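A.B. asks: Mind looking over this structure? Questions follow.
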Amino acid sequence: MSFPVRQIRNGDFRAAAKLITAIERGDPSAVPILKALAPYTGRAQVIGITGPVGAGKSSLINELTTGYRHLRRRVGILAVDPTSPVTGGAILGDRIRMRDHLTDPGVFIRSLAARGAPGGLPVLVLAEALHVLDALGMDVIFIETIGIGQDQTAVASIARTTAVVVNPTLGDEVQLLKAGFMEIADIFVVNKADLPGADRMALQLAELSDAVNPAPVFKTSALKHEGLDELIKGLNDIGKKTRR
C-alpha cells in the first residue's frame, strides 16, 4: 500500500483519509510514510476539547470551526466516537452534528473509534493522525473526546491547548475536581450560557481554578452564536504561550 508524501503535502484529503485508516488498522505500511511526513509537522495549533456528556462539545467545535474559517484558517477535526459493536469502527455521531462543514474544502473531519482505550482516547492512533493532518496543512486541529465518565483527561498529553467544556446544568462542582478536569485545563468554557445558572457556574469554575490550576473561563452559546469570537481569541493567546 502506497501513500505518496507529496500527495498529502499537497492537501489531498483522500490520501490523508486512507493513511489514517491504515493507522487505525495497524497497517505496517503506514510507518515509513509517517516518518517521511515528520519534518512537515509541528506547525498546527492542536486544541483538545473535553468535558462531560451533554456539554455541547460537538456543537461548540462546529461553531469554532466556522469562526476559524472566517479567519481563513484550515481546520482539522478528530472526533473520538463510541465503537460500533458491529464493525468495530466509529459510530460517526459527531460527523452528523458537524454537517455544516462536511463539504468545506478547508475542513477535514474524521471520526475515530474509542475501542475501549484508557482515558477514552486511542492515544497512539490520535497522535499519528494528528501528524497526518499537520502535514496535510491544517492550521487548527481539534480533538474531541468521547465524553463518557470521568476519565477523559488523556487528551492533555496530546493537545497543546486543552479546553474543558461544561454547561450550567452540570450540578455539584465537586464532581469537576473528581473528574480531574481542573488539573488539565488550559481554558474553561461554560457552554449553553443562554441557560439559567451560567454566571454561577462560571464563578464557581473561576474560584476552583484559582485554587487548583488557574485558567481563564469563557461563556459561550453555540445555539445563539455568542461568545465565540472571544473564545477564539483566548484559544489563540494560550496557543501562542504553549507552542513548542
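Residues are named by chain letter and number: chains run A, B, ... in the order of the C-alpha cells, numbers start at 1 in each chain, and ligands are numbered from 1 in the order shown.
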Please identify the strand (DSSP E) residues within range 167-227 of chain A (assignment by DSSP from backbone atoms) and present them as a ChimeraX atom specification.
C.D. replies: /A:187-190,217-219
A.B. asks: Tell me which protein, DNA and RNA residues are within 6 Å of Ser221 in chain A, counting only C-alpha atoms, leaving out same-chain ones fewer than 2 positions away, and put them as a list in words.
C.D. replies: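 Counting only the stated atoms, we get Asn191, Lys192, Ala193, Leu223, Lys224, His225 and Glu226 of chain A.
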A.B. asks: Would you save the residues from that selection as a CSV table (one decimal), in the first residue's frame, using C-alpha atoms?
C.D. replies:
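New file selection.csv:
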```
chain,number,residue,atom,x,y,z
A,191,ASN,CA,-21.3,26.4,27.0
A,192,LYS,CA,-25.1,26.7,26.7
A,193,ALA,CA,-24.6,30.0,28.6
A,223,LEU,CA,-27.1,27.8,19.8
A,224,LYS,CA,-27.1,31.6,19.8
A,225,HIS,CA,-23.6,32.1,18.4
A,226,GLU,CA,-22.5,34.1,21.4
```
A.B. asks: Got a sec: who's within 6 Å of Ile187 in chain A, counting only C-alpha atoms, leaving out chain neighbours fewer than 5 positions off, as a PyMOL selection string?
C.D. replies: chain A and resi 163+215-216
A.B. asks: I need the residue nearest Phe13 in chain A from this list: A:Val107, A:Ala185, A:Ile238, A:Val217. Use only C-alpha atoms for the distance.
C.D. replies: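 Comparing A:Val107, A:Ala185, A:Ile238, A:Val217 against Phe13 in chain A, the winner is A:Val107.
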A.B. asks: Just want the 12 Å neighbourhood of Asp186 in chain A, counted on only C-alpha atoms, with same-chain residues fewer than 2 positions away dropped. Output as a ChimeraX atom specification.
C.D. replies: /A:47-50,155-156,159-165,181-184,188-189,209,212-218,234-239,241-242
A.B. asks: If you measure from CA of Asp12 in chain A to CA of Glu144 in chain A, what distance in Å do you get, rounded to one decimal?
C.D. replies: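 One can read the CA of Asp12 in chain A to CA of Glu144 in chain A distance as 22.9 Å.
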A.B. asks: Using only C-alpha atoms for the distances, tell me which of A:Glu128, A:Asp139, A:Asp229, A:Glu207 is nearest to Thr21 in chain A.
C.D. replies: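 Answer, going by the shortest atom-to-atom distance: A:Glu128.
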A.B. asks: Could you give me, as a VMD selection string, each residue of range 11-242 of chain A that DSSP assigns to alpha helix (DSSP H) when run on this structure's backbone?
C.D. replies: chain A and resid 13 to 25 30 to 37 57 to 70 93 to 97 123 to 136 174 to 179 181 to 184 198 to 212 228 to 242
A.B. asks: Quick one: residues within 8 Å of His131 in chain A, only C-alpha atoms, excluding same-chain residues fewer than 4 positions away - as a list in words?
C.D. replies: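 So, after excluding close chain neighbours, the residues are Leu34, Leu37, Ala38, Thr41, Gly42, Ala127 and Ala135 of chain A.
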A.B. asks: Output C-alpha atoms for every residue in that selection, as an mmCIF file, in the first residue's frame.
C.D. replies:
```cif
data_model
loop_
_atom_site.group_PDB
_atom_site.id
_atom_site.type_symbol
_atom_site.label_atom_id
_atom_site.label_comp_id
_atom_site.auth_asym_id
_atom_site.auth_seq_id
_atom_site.Cartn_x
_atom_site.Cartn_y
_atom_site.Cartn_z
ATOM 1 C CA LEU A 34 4.650 8.810 8.925
ATOM 2 C CA LEU A 37 5.907 13.267 6.960
ATOM 3 C CA ALA A 38 7.552 14.039 10.318
ATOM 4 C CA THR A 41 4.713 18.569 11.346
ATOM 5 C CA GLY A 42 4.717 20.763 14.439
ATOM 6 C CA ALA A 127 -1.044 11.192 17.840
ATOM 7 C CA ALA A 135 1.438 17.597 7.335
#
```
A.B. asks: For Leu170 in chain A, which of A:Arg25, A:Arg74, A:Lys35, A:Arg200 is the closest residue, counting only C-alpha atoms?
C.D. replies: A:Arg200
A.B. asks: Name all residues at most 9 Å from Asp199 in chain A (count only C-alpha atoms; drop same-chain ones fewer than 5 positions away) and give them as a list in words.
C.D. replies: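 Answer for this query is Pro168, Val190, Ala193, Gln204 and Lys219 of chain A.
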